[in-house]
Amino acid sequence: MSDLMPEPAAVPGEQEGTAGPALDPAAPAPLGVVRTPTGNAEVDARLERLADADHLPADGHIEVYEDVHRGLRDALTALDARPAPAPVPAPMPSYNNRS
């Protein structure tokens with residue numbers, strides 16, 4: 001380099017002559033997806049399970065996704081299995097109608 005342009009200082013962890021630390025594109029990397037609570041504890045627990053995929057390589061994601069899908073399906077099935085609320089009885093007709 002010329003005397004006018006100082007050489008950049010070495011960054012700790014970098015080897016001289018390299019552009020920076022080597023990144024492994026196949027390494028797990030968090031996506032940073034925000035999970036908004038639903039208010040249903042069972043569903044929220046399943047959605048939080050998705051965070052486990054952030055720490056796994058891509059080939060490990062399917063197990064997490066299938067587990068979450070199974071849990072959400074079970075939660076929906078449980079909602080269908082609950083007894084329906086009792087019907088409200090119809091009001092009694094008024095007998096004050098005289099013709």
# chains A, B, ... in the order shown; residues from 1 in each chain; ligands from 1
call {"tool": "select_by_dssp", "arguments": {"residues": "region 15-93 of chain A", "states": "helix (DSSP H, G or I)", "output": "PyMOL selection string"}}
result
chain A and resi 41-55+58-81
call {"tool": "write_last_selection", "arguments": {"atoms": "N, CA and C atoms", "output": "compact mmCIF listing (two decimals), in the first residue's frame"}}
result
# COMPACT_ATOMS: atom_id res chain seq x y z
N ALA A 41 -52.65 -21.47 26.49
CA ALA A 41 -51.36 -21.98 26.98
C ALA A 41 -50.86 -23.16 26.16
N GLU A 42 -51.74 -24.05 25.76
CA GLU A 42 -51.33 -25.24 24.99
C GLU A 42 -50.81 -24.83 23.62
N VAL A 43 -51.50 -23.93 22.96
CA VAL A 43 -51.07 -23.46 21.64
C VAL A 43 -49.78 -22.66 21.76
N ASP A 44 -49.69 -21.79 22.76
CA ASP A 44 -48.47 -21.00 22.94
C ASP A 44 -47.25 -21.88 23.18
N ALA A 45 -47.41 -22.95 23.93
CA ALA A 45 -46.30 -23.87 24.18
C ALA A 45 -45.84 -24.51 22.87
N ARG A 46 -46.79 -24.87 22.03
CA ARG A 46 -46.43 -25.47 20.73
C ARG A 46 -45.71 -24.46 19.84
N LEU A 47 -46.18 -23.23 19.84
CA LEU A 47 -45.52 -22.21 19.02
C LEU A 47 -44.11 -21.92 19.52
N GLU A 48 -43.91 -21.94 20.83
CA GLU A 48 -42.57 -21.74 21.38
C GLU A 48 -41.64 -22.88 20.98
N ARG A 49 -42.19 -24.06 20.77
CA ARG A 49 -41.39 -25.23 20.35
C ARG A 49 -40.74 -24.95 19.00
N LEU A 50 -41.34 -24.08 18.18
CA LEU A 50 -40.74 -23.75 16.89
C LEU A 50 -39.35 -23.15 17.05
N ALA A 51 -39.08 -22.51 18.17
CA ALA A 51 -37.76 -21.91 18.41
C ALA A 51 -36.67 -22.98 18.44
N ASP A 52 -37.03 -24.22 18.74
CA ASP A 52 -36.03 -25.30 18.75
C ASP A 52 -35.41 -25.49 17.37
N ALA A 53 -36.16 -25.19 16.32
CA ALA A 53 -35.63 -25.35 14.96
C ALA A 53 -34.50 -24.37 14.68
N ASP A 54 -34.46 -23.25 15.40
CA ASP A 54 -33.39 -22.26 15.19
C ASP A 54 -32.01 -22.81 15.52
N HIS A 55 -31.95 -23.85 16.32
CA HIS A 55 -30.66 -24.38 16.77
C HIS A 55 -30.30 -25.69 16.09
N ALA A 58 -30.90 -27.78 8.97
CA ALA A 58 -32.15 -27.86 8.19
C ALA A 58 -32.76 -29.25 8.21
N ASP A 59 -31.95 -30.30 8.19
CA ASP A 59 -32.52 -31.65 8.16
C ASP A 59 -33.16 -32.04 9.49
N GLY A 60 -32.97 -31.26 10.54
CA GLY A 60 -33.62 -31.53 11.82
C GLY A 60 -34.92 -30.76 12.01
N HIS A 61 -35.21 -29.82 11.10
CA HIS A 61 -36.42 -29.01 11.23
C HIS A 61 -37.69 -29.82 11.09
N ILE A 62 -37.71 -30.80 10.22
CA ILE A 62 -38.94 -31.54 9.95
C ILE A 62 -39.50 -32.19 11.22
N GLU A 63 -38.63 -32.71 12.08
CA GLU A 63 -39.09 -33.33 13.33
C GLU A 63 -39.80 -32.30 14.21
N VAL A 64 -39.23 -31.10 14.30
CA VAL A 64 -39.85 -30.04 15.11
C VAL A 64 -41.18 -29.64 14.49
N TYR A 65 -41.21 -29.41 13.18
CA TYR A 65 -42.44 -28.97 12.52
C TYR A 65 -43.54 -30.02 12.66
N GLU A 66 -43.18 -31.29 12.51
CA GLU A 66 -44.20 -32.34 12.65
C GLU A 66 -44.72 -32.42 14.08
N ASP A 67 -43.84 -32.23 15.06
CA ASP A 67 -44.27 -32.25 16.45
C ASP A 67 -45.22 -31.09 16.74
N VAL A 68 -44.88 -29.90 16.25
CA VAL A 68 -45.73 -28.73 16.46
C VAL A 68 -47.07 -28.93 15.76
N HIS A 69 -47.04 -29.42 14.53
CA HIS A 69 -48.28 -29.66 13.78
C HIS A 69 -49.18 -30.65 14.51
N ARG A 70 -48.59 -31.72 15.00
CA ARG A 70 -49.34 -32.74 15.74
C ARG A 70 -49.99 -32.13 16.99
N GLY A 71 -49.22 -31.32 17.72
CA GLY A 71 -49.74 -30.70 18.94
C GLY A 71 -50.86 -29.71 18.66
N LEU A 72 -50.70 -28.91 17.59
CA LEU A 72 -51.76 -27.95 17.24
C LEU A 72 -53.02 -28.68 16.77
N ARG A 73 -52.83 -29.75 16.03
CA ARG A 73 -53.99 -30.55 15.57
C ARG A 73 -54.71 -31.15 16.77
N ASP A 74 -53.95 -31.66 17.75
CA ASP A 74 -54.57 -32.22 18.96
C ASP A 74 -55.33 -31.15 19.74
N ALA A 75 -54.77 -29.93 19.80
CA ALA A 75 -55.45 -28.84 20.52
C ALA A 75 -56.77 -28.49 19.83
N LEU A 76 -56.76 -28.47 18.51
CA LEU A 76 -58.00 -28.18 17.78
C LEU A 76 -59.02 -29.30 17.94
N THR A 77 -58.55 -30.54 17.93
CA THR A 77 -59.45 -31.67 18.13
C THR A 77 -60.08 -31.61 19.52
N ALA A 78 -59.29 -31.22 20.51
CA ALA A 78 -59.82 -31.10 21.88
C ALA A 78 -60.91 -30.04 21.95
N LEU A 79 -60.75 -28.96 21.20
CA LEU A 79 -61.78 -27.93 21.18
C LEU A 79 -63.09 -28.48 20.61
N ASP A 80 -62.99 -29.31 19.58
CA ASP A 80 -64.18 -29.91 18.98
C ASP A 80 -64.84 -30.92 19.91
N ALA A 81 -64.05 -31.54 20.79
CA ALA A 81 -64.58 -32.59 21.67
C ALA A 81 -65.27 -32.03 22.90
call {"tool": "atom_distance", "arguments": {"atom1": "CA of Pro83 (chain A)", "atom2": "CA of Thr36 (chain A)"}}
result
28.5 Å
call {"tool": "atom_distance", "arguments": {"atom1": "CA of Gly39 (chain A)", "atom2": "CA of Pro87 (chain A)"}}
result
26.5 Å
